[in-house]
Amino acid sequence: MSEQNQNQNQNVQEQDLNQLLKVRREKLQDLQAAGKNPFEVMKYDVTAHSTDVKDNFEEWEGKSVRVAGRIMSKRVMGKASFCNIQDLKGNIQSYVARDSIGEESYADFKKYDIGDIVGIEGEVFKTKTGEISIHASNVLLMSKSLQILPEKFHGLTNTDIRYRQRYVDLIMNEDVKKTFVKRSQIISSIRRYLDGQGFLEVETPMLVSNAGGAAARPFETHYNALDEDVKLRISLELYLKRLIVGGLERVYEIGRVFRNEGLDTRHNPEFTLMELYQAYTDYKGMMDLTENMFRHVAMEVNGTAKVMYGGIEIDLEKPFERMTMIDAVKKYAGVDFSTVKDADEAKKIADEKGVHYEDRHTRGDILNLFFEEFVEEHLIQPTFIMDHPVEISPLTKRIPGNPDYVERFELFITCREMCNAYSELNDPIDQRERFKAQEAALAAGDEEANTTDEDFMNALEIGMPPTGGIGYGIDRLVMLLTDSPAIRDVLLFPTMKSLDK
């Protein structure tokens with residue numbers, strides 16, 4: 001087809017759409033002129049949802065029911081019509097006859113459009129073809145749709161529009177709605193599990209003067225009332241540890257954090273993080289808790305601890321593998337960093353292996369670069385990677401007798417980091433030295449390095465008991481349990497570039 005013909009077809013389609021939109025507004029004006037303004041309806045007493053009726057037909061058969069939802073299809077046949085109503089849980093057919101709802105109401109019903117929101121009252125029955133339906137005795141229009149929904153057969157497939165207009169995506173794609181219902185169930189299941197373990201859910205500030213607790217660039221803003229520059233939190237860690245100091249022995253928080261970074265299938269600038277801290281345990285206690293919680297949530301939400309993700313079965317039922325970072329790099333990169341003496345030797349090996357590094361990087365930094373380059377892609381089944389180098393773990397206890405490494409682990413599933421945990425550093429003298437090293441890294445160009453938080457240091461000097469702590473990416477757990485390939489698929493309103501940019 002020539003470009004000229006394509007432009008002509010597009011113009012015709014736009015004219016047709018404009019005419020359809022005009023007709024809808026005219027229908028609304030006619031309703032309002034007749035004293036039937038749908039937007040003046042204040043409430044509707046729903047007695048059941050679609051699947052409640054369909055799944056329990058024997059209970060509802062012959063009884064009157066009131067359902068409400070959006071008209072998704074409509075078939076007018078003279079004195080009787082059928083329409084399909086979609087609500088939160090699914091959809092149900094309604095049989096609408098002139099003799100049952102009255103001539104005037106039936107004339108109005110025939111003018112209703114796909115997308116209109118209605119309430120239907122009537123008796124539950126089964127059609128001759130065996131479809132459970134509602135024989136309407138009353139139909140009430142409660143909202144007039146002035147836009148055109150995508151054509152039902154093809155659905156809404158443009159991913160950019162799906163993310164920008166999630167409200168339309170939820171209407172047109174049943175699987176999308178199921179994903180977000182399951183997301184809510186996952187978070188509820190996590191809360192039940194932790195509450196049952198004696199944890200206390202708390203809330204901490206989002207606007208902070210010092211955005212610490214993670215290696216990330218913060219968003220910055222200005223607090224007018226105090227005339228102070230503040231940041232959006234990148235982590236929940238430092239405030240939750242203050243609560244451990246205060247004697248709240250088991251705490252957790254589920255909340256949004258904000259990192260001024262790029263967007264891809266695994267990252268969104270604002271995302272949901274859960275952190276928990278437990279006094280008188282260590283990172284091995286956090287491993288046990290994590291393994292049990294993941295298994296519990298999968299069983300409660302999916303009914304099985306074996307999860308299909310991208311066509312691969314992920315087994316959360318068997319014990320998770322545990323491997324040190326040194327051993328993992330040795331296994332997959334063929335380099336034994338336990339024999340590497342210093343940064344110069346590490347850089348030489350990196351040059352030989354083609355691993356890019358910066359001049360400021362230490363031996364521990366380069367070990368981590370080798371891990372990212374050679375190991376992560378192999379960690380499909382649940383695997384705890386343990387005992388990280390101290391240089392990349394400024395808030396973590398050193399391993400007794402092996403001070404170059406710390407008691408830390410990351411859980412990897414489907415080649416993705418799912419959580420990050422420590423035996424928390426509670427030595428204020430050591431912590432101050434770590435902060436100094438971070439500030440030196442910041443001065444050397446590391447924009448993600450931490451700065452010293454003096455109030456947190458004061459809390460540590462008051463005294464914090466031995467503590468295990470962990471942070472979970474809730475969105476990645478939802479991705480795993482819903483078989484979603486991208487983080488945007490599990491965020492109701494992901495970050496999108498403005499259309500006018």
# chains A, B, ... in the order shown; residues from 1 in each chain; ligands from 1
>>> residues_around(residues="Arg164 in chain A", least_positions_apart="2", cutoff="8 Å", atoms="only C-alpha atoms", output="PDB file with C-alpha atoms, in the first residue's frame")
ATOM      1  CA  ASP A 160       3.642   1.331  25.820  1.00  0.00           C
ATOM      2  CA  ILE A 161      -0.096   2.068  25.909  1.00  0.00           C
ATOM      3  CA  ARG A 162      -0.645  -0.798  28.369  1.00  0.00           C
ATOM      4  CA  ARG A 166      -3.083   0.628  33.035  1.00  0.00           C
ATOM      5  CA  PHE A 493       1.961   2.491  37.218  1.00  0.00           C
ATOM      6  CA  PRO A 494       5.610   2.088  36.141  1.00  0.00           C
ATOM      7  CA  MET A 496       7.369   6.269  31.859  1.00  0.00           C
TER       8      MET A 496
END
>>> residues_around(residues="range 341-345 of chain A", least_positions_apart="5", cutoff="12 Å", atoms="only C-alpha atoms", output="list of chain:residue names")
A:Val335, A:Asp336, A:Ala350, A:Asp351, A:Glu352, A:Tyr357, A:Glu358, A:Asp359, A:Arg360, A:His361, A:Thr362, A:Arg363, A:Gly364, A:Asp365, A:Ile366, A:Leu367, A:Glu391, A:Asp404
>>> write_last_selection(atoms="N, CA and C atoms", output="PDB file, in the first residue's frame")
ATOM      1  N   VAL A 335      38.933 -18.803  38.372  1.00  0.00           N
ATOM      2  CA  VAL A 335      39.910 -17.981  39.089  1.00  0.00           C
ATOM      3  C   VAL A 335      39.692 -18.147  40.586  1.00  0.00           C
ATOM      4  N   ASP A 336      40.756 -18.466  41.298  1.00  0.00           N
ATOM      5  CA  ASP A 336      40.666 -18.657  42.750  1.00  0.00           C
ATOM      6  C   ASP A 336      41.173 -17.394  43.441  1.00  0.00           C
ATOM      7  N   ALA A 350      42.143  -9.553  35.787  1.00  0.00           N
ATOM      8  CA  ALA A 350      40.996  -8.958  35.098  1.00  0.00           C
ATOM      9  C   ALA A 350      41.353  -8.605  33.661  1.00  0.00           C
ATOM     10  N   ASP A 351      42.563  -8.054  33.460  1.00  0.00           N
ATOM     11  CA  ASP A 351      43.014  -7.733  32.099  1.00  0.00           C
ATOM     12  C   ASP A 351      43.061  -8.997  31.232  1.00  0.00           C
ATOM     13  N   GLU A 352      43.544 -10.075  31.822  1.00  0.00           N
ATOM     14  CA  GLU A 352      43.651 -11.343  31.076  1.00  0.00           C
ATOM     15  C   GLU A 352      42.277 -11.890  30.706  1.00  0.00           C
ATOM     16  N   TYR A 357      37.438  -2.689  34.734  1.00  0.00           N
ATOM     17  CA  TYR A 357      37.456  -2.152  36.096  1.00  0.00           C
ATOM     18  C   TYR A 357      37.928  -0.706  36.046  1.00  0.00           C
ATOM     19  N   GLU A 358      37.813  -0.017  37.176  1.00  0.00           N
ATOM     20  CA  GLU A 358      38.294   1.356  37.293  1.00  0.00           C
ATOM     21  C   GLU A 358      39.524   1.379  38.191  1.00  0.00           C
ATOM     22  N   ASP A 359      40.330   2.425  38.055  1.00  0.00           N
ATOM     23  CA  ASP A 359      41.583   2.519  38.809  1.00  0.00           C
ATOM     24  C   ASP A 359      41.346   2.432  40.320  1.00  0.00           C
ATOM     25  N   ARG A 360      40.235   2.988  40.780  1.00  0.00           N
ATOM     26  CA  ARG A 360      39.961   3.019  42.222  1.00  0.00           C
ATOM     27  C   ARG A 360      39.559   1.654  42.773  1.00  0.00           C
ATOM     28  N   HIS A 361      39.255   0.701  41.929  1.00  0.00           N
ATOM     29  CA  HIS A 361      38.746  -0.586  42.398  1.00  0.00           C
ATOM     30  C   HIS A 361      39.815  -1.374  43.156  1.00  0.00           C
ATOM     31  N   THR A 362      39.353  -2.012  44.236  1.00  0.00           N
ATOM     32  CA  THR A 362      40.209  -2.829  45.084  1.00  0.00           C
ATOM     33  C   THR A 362      40.092  -4.298  44.664  1.00  0.00           C
ATOM     34  N   ARG A 363      40.851  -5.140  45.345  1.00  0.00           N
ATOM     35  CA  ARG A 363      40.771  -6.574  45.093  1.00  0.00           C
ATOM     36  C   ARG A 363      39.344  -7.085  45.287  1.00  0.00           C
ATOM     37  N   GLY A 364      38.681  -6.612  46.368  1.00  0.00           N
ATOM     38  CA  GLY A 364      37.306  -7.038  46.627  1.00  0.00           C
ATOM     39  C   GLY A 364      36.334  -6.573  45.565  1.00  0.00           C
ATOM     40  N   ASP A 365      36.522  -5.340  45.082  1.00  0.00           N
ATOM     41  CA  ASP A 365      35.668  -4.837  43.996  1.00  0.00           C
ATOM     42  C   ASP A 365      35.798  -5.715  42.759  1.00  0.00           C
ATOM     43  N   ILE A 366      37.017  -6.113  42.450  1.00  0.00           N
ATOM     44  CA  ILE A 366      37.248  -6.891  41.233  1.00  0.00           C
ATOM     45  C   ILE A 366      36.702  -8.307  41.384  1.00  0.00           C
ATOM     46  N   LEU A 367      36.792  -8.863  42.584  1.00  0.00           N
ATOM     47  CA  LEU A 367      36.133 -10.155  42.828  1.00  0.00           C
ATOM     48  C   LEU A 367      34.645 -10.052  42.515  1.00  0.00           C
ATOM     49  N   GLU A 391      35.091  -4.716  51.076  1.00  0.00           N
ATOM     50  CA  GLU A 391      35.079  -3.425  50.381  1.00  0.00           C
ATOM     51  C   GLU A 391      33.699  -3.062  49.835  1.00  0.00           C
ATOM     52  N   ASP A 404      38.965  -9.981  55.665  1.00  0.00           N
ATOM     53  CA  ASP A 404      38.770  -9.431  54.324  1.00  0.00           C
ATOM     54  C   ASP A 404      37.373  -9.717  53.776  1.00  0.00           C
TER      55      ASP A 404
END
>>> closest_residue(among="A:Glu291, A:Glu26, A:Asp99, A:Glu447", to="Asn260 in chain A", atoms="only C-alpha atoms")
A:Glu447
>>> residues_around(residues="Ile114 in chain A", least_positions_apart="2", cutoff="8 Å", atoms="only C-alpha atoms", output="list in words")
Arg70, Ile71, Met72, Ser73, Lys74, Tyr112, Asp116, Ser145, Ile148 and Leu149 of chain A
>>> write_last_selection(atoms="C-alpha atoms", output="compact mmCIF listing (two decimals), in the first residue's frame")
# COMPACT_ATOMS: atom_id res chain seq x y z
CA ARG A 70 -18.77 -2.92 32.68
CA ILE A 71 -20.57 -3.99 29.49
CA MET A 72 -17.98 -5.88 27.44
CA SER A 73 -20.27 -7.24 24.73
CA LYS A 74 -23.89 -6.72 23.68
CA TYR A 112 -26.00 1.55 25.92
CA ASP A 116 -20.76 1.56 30.03
CA SER A 145 -18.19 5.53 28.80
CA ILE A 148 -13.90 3.54 22.80
CA LEU A 149 -12.36 0.42 24.32
>>> residues_around(residues="Arg476 in chain A", least_positions_apart="5", cutoff="9 Å", atoms="only C-alpha atoms", output="list in words")
Arg266, Arg416, Glu417, Met418, Leu481, Ala486, Ile487 and Val490 of chain A
>>> residues_around(residues="range 321-334 of chain A", least_positions_apart="2", cutoff="12 Å", atoms="only C-alpha atoms", output="mmCIF file with C-alpha atoms, in the first residue's frame")
data_model
loop_
_atom_site.group_PDB
_atom_site.id
_atom_site.type_symbol
_atom_site.label_atom_id
_atom_site.label_comp_id
_atom_site.auth_asym_id
_atom_site.auth_seq_id
_atom_site.Cartn_x
_atom_site.Cartn_y
_atom_site.Cartn_z
ATOM 1 C CA LYS A 284 22.579 -17.765 58.716
ATOM 2 C CA MET A 287 18.979 -17.600 55.329
ATOM 3 C CA ASP A 288 16.702 -19.961 57.211
ATOM 4 C CA GLU A 291 14.055 -19.973 52.587
ATOM 5 C CA ASP A 315 12.091 -25.569 42.790
ATOM 6 C CA LEU A 316 11.512 -23.698 46.051
ATOM 7 C CA GLU A 317 10.702 -26.948 47.823
ATOM 8 C CA LYS A 318 14.166 -28.478 48.134
ATOM 9 C CA PRO A 319 16.894 -26.833 50.282
ATOM 10 C CA ASP A 336 40.666 -18.657 42.750
ATOM 11 C CA PHE A 337 40.614 -15.270 44.461
ATOM 12 C CA SER A 338 41.686 -16.844 47.764
ATOM 13 C CA THR A 339 45.191 -16.891 46.268
ATOM 14 C CA VAL A 340 45.039 -13.345 44.864
ATOM 15 C CA ILE A 349 43.899 -11.212 36.090
ATOM 16 C CA ALA A 350 40.996 -8.958 35.098
ATOM 17 C CA GLU A 352 43.651 -11.343 31.076
ATOM 18 C CA LYS A 353 39.935 -12.214 31.379
ATOM 19 C CA GLY A 354 38.648 -9.038 29.717
ATOM 20 C CA VAL A 355 36.880 -7.760 32.842
ATOM 21 C CA GLY A 364 37.306 -7.038 46.627
ATOM 22 C CA ILE A 366 37.248 -6.891 41.233
ATOM 23 C CA LEU A 367 36.133 -10.155 42.828
ATOM 24 C CA ASN A 368 32.591 -8.790 42.688
ATOM 25 C CA LEU A 369 33.053 -7.769 39.035
ATOM 26 C CA PHE A 370 34.127 -11.338 38.230
ATOM 27 C CA PHE A 371 31.027 -12.617 40.005
ATOM 28 C CA GLU A 372 28.754 -10.347 37.967
ATOM 29 C CA GLU A 373 30.541 -11.205 34.716
ATOM 30 C CA PHE A 374 30.842 -14.969 35.009
ATOM 31 C CA VAL A 375 28.534 -16.295 37.730
ATOM 32 C CA GLU A 376 25.134 -14.587 37.843
ATOM 33 C CA GLU A 377 23.941 -16.048 34.535
ATOM 34 C CA HIS A 378 24.262 -19.573 35.969
ATOM 35 C CA LEU A 379 22.207 -18.998 39.133
ATOM 36 C CA ILE A 380 18.805 -20.167 37.937
ATOM 37 C CA GLN A 381 17.718 -22.348 40.860
ATOM 38 C CA PRO A 382 17.620 -20.762 44.357
ATOM 39 C CA THR A 383 21.208 -20.155 45.471
ATOM 40 C CA PHE A 384 22.587 -18.243 48.435
ATOM 41 C CA ILE A 385 25.874 -16.523 47.512
ATOM 42 C CA MET A 386 27.737 -15.929 50.779
ATOM 43 C CA ASP A 387 30.749 -14.180 52.290
ATOM 44 C CA HIS A 388 31.323 -11.064 50.210
ATOM 45 C CA PRO A 389 34.486 -8.917 50.245
ATOM 46 C CA ASP A 404 38.770 -9.431 54.324
ATOM 47 C CA TYR A 405 35.266 -10.930 54.035
ATOM 48 C CA VAL A 406 31.931 -10.308 55.717
ATOM 49 C CA GLU A 407 28.939 -12.317 56.851
ATOM 50 C CA ARG A 408 26.659 -11.420 53.973
ATOM 51 C CA PHE A 409 24.570 -13.283 51.426
ATOM 52 C CA GLU A 410 22.502 -12.563 48.344
ATOM 53 C CA LEU A 411 19.789 -14.946 47.152
ATOM 54 C CA PHE A 412 19.722 -15.495 43.389
ATOM 55 C CA ILE A 413 16.835 -17.087 41.492
#
>>> closest_residue(among="A:Glu58, A:Glu424, A:Asp453, A:Glu14", to="Gln438 in chain A", atoms="only C-alpha atoms")
A:Asp453
>>> residues_around(residues="Gly468 in chain A", least_positions_apart="6", cutoff="6 Å", atoms="only C-alpha atoms", output="list in words")
Tyr277, Gln278, Thr281, Asp282, Tyr283, Tyr422, Ser423 and Glu424 of chain A
>>> select_by_dssp(residues="range 251-382 of chain A", states="strand (DSSP E or B)", output="ChimeraX atom specification")
/A:251-258,270-279,306-309,312-315,321-324
>>> write_last_selection(atoms="C-alpha atoms", output="compact mmCIF listing (two decimals), in the first residue's frame")
# COMPACT_ATOMS: atom_id res chain seq x y z
CA VAL A 251 10.90 -5.21 62.93
CA TYR A 252 10.04 -5.02 59.24
CA GLU A 253 8.82 -2.43 56.79
CA ILE A 254 7.33 -2.74 53.32
CA GLY A 255 7.56 0.53 51.41
CA ARG A 256 8.62 2.47 48.37
CA VAL A 257 12.25 3.48 47.92
CA PHE A 258 13.67 5.72 45.21
CA GLU A 270 10.73 3.73 42.49
CA PHE A 271 10.06 0.22 43.69
CA THR A 272 8.83 -1.73 46.68
CA LEU A 273 11.42 -2.89 49.18
CA MET A 274 10.96 -4.89 52.34
CA GLU A 275 13.61 -4.88 55.01
CA LEU A 276 13.54 -6.77 58.29
CA TYR A 277 15.88 -6.89 61.25
CA GLN A 278 16.05 -9.45 64.04
CA ALA A 279 18.12 -9.06 67.18
CA LYS A 306 7.47 -25.42 42.36
CA VAL A 307 7.15 -22.34 40.19
CA MET A 308 7.19 -22.13 36.39
CA TYR A 309 9.14 -19.09 35.20
CA ILE A 312 11.70 -23.35 33.52
CA GLU A 313 10.58 -25.04 36.73
CA ILE A 314 12.03 -23.28 39.78
CA ASP A 315 12.09 -25.57 42.79
CA GLU A 321 22.07 -24.20 47.52
CA ARG A 322 24.68 -22.27 49.53
CA MET A 323 27.97 -21.16 47.95
CA THR A 324 30.61 -18.58 48.87
>>> select_by_dssp(residues="range 20-107 of chain A", states="helix (DSSP H, G or I)", output="PyMOL selection string")
chain A and resi 20-33+38-40+50-55+57-60+98-101+103-107
>>> write_last_selection(atoms="N, CA and C atoms", output="mmCIF file, in the first residue's frame")
data_model
loop_
_atom_site.group_PDB
_atom_site.id
_atom_site.type_symbol
_atom_site.label_atom_id
_atom_site.label_comp_id
_atom_site.auth_asym_id
_atom_site.auth_seq_id
_atom_site.Cartn_x
_atom_site.Cartn_y
_atom_site.Cartn_z
ATOM 1 N N LEU A 20 -17.839 8.383 16.260
ATOM 2 C CA LEU A 20 -18.293 7.497 17.336
ATOM 3 C C LEU A 20 -18.239 8.192 18.689
ATOM 4 N N LEU A 21 -17.170 8.935 18.920
ATOM 5 C CA LEU A 21 -17.052 9.665 20.188
ATOM 6 C C LEU A 21 -18.136 10.739 20.296
ATOM 7 N N LYS A 22 -18.440 11.386 19.194
ATOM 8 C CA LYS A 22 -19.491 12.404 19.174
ATOM 9 C C LYS A 22 -20.849 11.785 19.513
ATOM 10 N N VAL A 23 -21.125 10.589 18.942
ATOM 11 C CA VAL A 23 -22.393 9.903 19.192
ATOM 12 C C VAL A 23 -22.527 9.578 20.680
ATOM 13 N N ARG A 24 -21.460 9.144 21.312
ATOM 14 C CA ARG A 24 -21.518 8.806 22.741
ATOM 15 C C ARG A 24 -21.860 10.034 23.584
ATOM 16 N N ARG A 25 -21.258 11.142 23.251
ATOM 17 C CA ARG A 25 -21.563 12.370 23.999
ATOM 18 C C ARG A 25 -23.001 12.825 23.759
ATOM 19 N N GLU A 26 -23.479 12.616 22.571
ATOM 20 C CA GLU A 26 -24.875 12.973 22.281
ATOM 21 C C GLU A 26 -25.827 12.083 23.073
ATOM 22 N N LYS A 27 -25.478 10.798 23.215
ATOM 23 C CA LYS A 27 -26.317 9.892 24.018
ATOM 24 C C LYS A 27 -26.358 10.349 25.470
ATOM 25 N N LEU A 28 -25.233 10.793 25.984
ATOM 26 C CA LEU A 28 -25.198 11.295 27.353
ATOM 27 C C LEU A 28 -26.065 12.535 27.492
ATOM 28 N N GLN A 29 -25.957 13.427 26.536
ATOM 29 C CA GLN A 29 -26.775 14.643 26.579
ATOM 30 C C GLN A 29 -28.262 14.311 26.554
ATOM 31 N N ASP A 30 -28.663 13.326 25.752
ATOM 32 C CA ASP A 30 -30.068 12.919 25.689
ATOM 33 C C ASP A 30 -30.535 12.355 27.036
ATOM 34 N N LEU A 31 -29.686 11.527 27.660
ATOM 35 C CA LEU A 31 -30.023 10.974 28.980
ATOM 36 C C LEU A 31 -30.183 12.085 30.005
ATOM 37 N N GLN A 32 -29.268 13.036 29.999
ATOM 38 C CA GLN A 32 -29.335 14.136 30.965
ATOM 39 C C GLN A 32 -30.577 14.992 30.732
ATOM 40 N N ALA A 33 -30.917 15.214 29.454
ATOM 41 C CA ALA A 33 -32.108 16.010 29.136
ATOM 42 C C ALA A 33 -33.381 15.310 29.587
ATOM 43 N N PRO A 38 -26.595 9.416 34.292
ATOM 44 C CA PRO A 38 -25.995 8.273 34.998
ATOM 45 C C PRO A 38 -25.013 8.691 36.082
ATOM 46 N N PHE A 39 -24.405 9.857 35.921
ATOM 47 C CA PHE A 39 -23.404 10.282 36.891
ATOM 48 C C PHE A 39 -24.017 10.793 38.192
ATOM 49 N N GLU A 40 -25.346 10.833 38.244
ATOM 50 C CA GLU A 40 -26.012 11.218 39.492
ATOM 51 C C GLU A 40 -26.356 10.010 40.363
ATOM 52 N N SER A 50 -19.591 -11.947 39.722
ATOM 53 C CA SER A 50 -19.891 -12.884 38.635
ATOM 54 C C SER A 50 -19.491 -14.318 38.972
ATOM 55 N N THR A 51 -18.247 -14.515 39.382
ATOM 56 C CA THR A 51 -17.794 -15.890 39.622
ATOM 57 C C THR A 51 -18.409 -16.496 40.874
ATOM 58 N N ASP A 52 -18.845 -15.666 41.825
ATOM 59 C CA ASP A 52 -19.567 -16.204 42.983
ATOM 60 C C ASP A 52 -20.816 -16.947 42.514
ATOM 61 N N VAL A 53 -21.508 -16.330 41.559
ATOM 62 C CA VAL A 53 -22.738 -16.924 41.019
ATOM 63 C C VAL A 53 -22.409 -18.151 40.164
ATOM 64 N N LYS A 54 -21.436 -18.030 39.305
ATOM 65 C CA LYS A 54 -21.122 -19.116 38.362
ATOM 66 C C LYS A 54 -20.511 -20.331 39.061
ATOM 67 N N ASP A 55 -19.707 -20.079 40.087
ATOM 68 C CA ASP A 55 -19.065 -21.198 40.785
ATOM 69 C C ASP A 55 -19.993 -21.891 41.770
ATOM 70 N N PHE A 57 -23.615 -22.189 41.315
ATOM 71 C CA PHE A 57 -24.901 -22.067 40.639
ATOM 72 C C PHE A 57 -26.037 -22.726 41.411
ATOM 73 N N GLU A 58 -25.775 -23.895 41.964
ATOM 74 C CA GLU A 58 -26.841 -24.607 42.690
ATOM 75 C C GLU A 58 -27.379 -23.763 43.844
ATOM 76 N N GLU A 59 -26.500 -22.997 44.449
ATOM 77 C CA GLU A 59 -26.912 -22.146 45.563
ATOM 78 C C GLU A 59 -27.714 -20.943 45.092
ATOM 79 N N TRP A 60 -27.352 -20.405 43.908
ATOM 80 C CA TRP A 60 -27.969 -19.173 43.430
ATOM 81 C C TRP A 60 -29.135 -19.410 42.469
ATOM 82 N N ARG A 98 -37.503 -7.035 26.889
ATOM 83 C CA ARG A 98 -38.393 -5.871 27.008
ATOM 84 C C ARG A 98 -39.522 -6.134 27.994
ATOM 85 N N ASP A 99 -40.097 -7.339 27.924
ATOM 86 C CA ASP A 99 -41.241 -7.640 28.784
ATOM 87 C C ASP A 99 -40.850 -7.723 30.256
ATOM 88 N N SER A 100 -39.545 -7.916 30.548
ATOM 89 C CA SER A 100 -39.100 -8.062 31.941
ATOM 90 C C SER A 100 -38.699 -6.735 32.566
ATOM 91 N N ILE A 101 -38.128 -5.838 31.782
ATOM 92 C CA ILE A 101 -37.658 -4.575 32.382
ATOM 93 C C ILE A 101 -38.503 -3.379 31.961
ATOM 94 N N GLU A 103 -40.788 -1.348 28.565
ATOM 95 C CA GLU A 103 -40.499 -0.844 27.222
ATOM 96 C C GLU A 103 -39.539 0.336 27.239
ATOM 97 N N GLU A 104 -39.736 1.287 28.163
ATOM 98 C CA GLU A 104 -38.882 2.478 28.205
ATOM 99 C C GLU A 104 -37.448 2.105 28.607
ATOM 100 N N SER A 105 -37.311 1.267 29.630
ATOM 101 C CA SER A 105 -35.978 0.844 30.078
ATOM 102 C C SER A 105 -35.268 0.044 28.993
ATOM 103 N N TYR A 106 -36.044 -0.767 28.255
ATOM 104 C CA TYR A 106 -35.430 -1.573 27.201
ATOM 105 C C TYR A 106 -34.955 -0.687 26.049
ATOM 106 N N ALA A 107 -35.720 0.338 25.751
ATOM 107 C CA ALA A 107 -35.302 1.278 24.702
ATOM 108 C C ALA A 107 -34.009 1.976 25.107
#
>>> atom_distance(atom1="CA of Glu433 in chain A", atom2="CA of Lys348 in chain A")
28.1 Å
>>> residues_around(residues="Val41 in chain A", least_positions_apart="6", cutoff="12 Å", atoms="only C-alpha atoms", output="mmCIF file with C-alpha atoms, in the first residue's frame")
data_model
loop_
_atom_site.group_PDB
_atom_site.id
_atom_site.type_symbol
_atom_site.label_atom_id
_atom_site.label_comp_id
_atom_site.auth_asym_id
_atom_site.auth_seq_id
_atom_site.Cartn_x
_atom_site.Cartn_y
_atom_site.Cartn_z
ATOM 1 C CA GLY A 35 -33.539 13.375 33.708
ATOM 2 C CA ILE A 117 -21.015 0.597 33.702
ATOM 3 C CA VAL A 118 -24.348 -0.885 34.744
ATOM 4 C CA GLY A 119 -26.036 -2.604 37.626
ATOM 5 C CA LEU A 140 -29.379 0.722 35.871
ATOM 6 C CA LEU A 141 -26.820 2.788 33.959
ATOM 7 C CA MET A 142 -24.336 4.200 36.478
ATOM 8 C CA SER A 143 -21.545 5.574 34.286
ATOM 9 C CA LYS A 144 -21.421 6.455 30.595
#
>>> atom_distance(atom1="CA of Pro403 in chain A", atom2="CA of Asn420 in chain A")
19.7 Å
>>> closest_residue(among="A:Ile399, A:Ile392, A:Asn458, A:Leu194", to="Thr290 in chain A", atoms="only C-alpha atoms")
A:Leu194
>>> decode(residues="range 347-361 of chain A", atoms="N, CA and C atoms", output="compact mmCIF listing (two decimals), in the first residue's frame")
# COMPACT_ATOMS: atom_id res chain seq x y z
N LYS A 347 43.86 -6.91 39.24
CA LYS A 347 43.70 -6.16 37.99
C LYS A 347 44.40 -6.86 36.83
N LYS A 348 45.52 -7.47 37.11
CA LYS A 348 46.24 -8.20 36.07
C LYS A 348 45.39 -9.36 35.56
N ILE A 349 44.76 -10.10 36.49
CA ILE A 349 43.90 -11.21 36.09
C ILE A 349 42.67 -10.69 35.33
N ALA A 350 42.14 -9.55 35.79
CA ALA A 350 41.00 -8.96 35.10
C ALA A 350 41.35 -8.60 33.66
N ASP A 351 42.56 -8.05 33.46
CA ASP A 351 43.01 -7.73 32.10
C ASP A 351 43.06 -9.00 31.23
N GLU A 352 43.54 -10.08 31.82
CA GLU A 352 43.65 -11.34 31.08
C GLU A 352 42.28 -11.89 30.71
N LYS A 353 41.29 -11.67 31.59
CA LYS A 353 39.94 -12.21 31.38
C LYS A 353 38.99 -11.23 30.67
N GLY A 354 39.49 -10.02 30.40
CA GLY A 354 38.65 -9.04 29.72
C GLY A 354 37.58 -8.43 30.59
N VAL A 355 37.84 -8.35 31.90
CA VAL A 355 36.88 -7.76 32.84
C VAL A 355 37.25 -6.29 33.05
N HIS A 356 36.32 -5.40 32.74
CA HIS A 356 36.58 -3.96 32.86
C HIS A 356 36.51 -3.53 34.33
N TYR A 357 37.44 -2.69 34.73
CA TYR A 357 37.46 -2.15 36.10
C TYR A 357 37.93 -0.71 36.05
N GLU A 358 37.81 -0.02 37.18
CA GLU A 358 38.29 1.36 37.29
C GLU A 358 39.52 1.38 38.19
N ASP A 359 40.33 2.43 38.05
CA ASP A 359 41.58 2.52 38.81
C ASP A 359 41.35 2.43 40.32
N ARG A 360 40.23 2.99 40.78
CA ARG A 360 39.96 3.02 42.22
C ARG A 360 39.56 1.65 42.77
N HIS A 361 39.26 0.70 41.93
CA HIS A 361 38.75 -0.59 42.40
C HIS A 361 39.82 -1.37 43.16
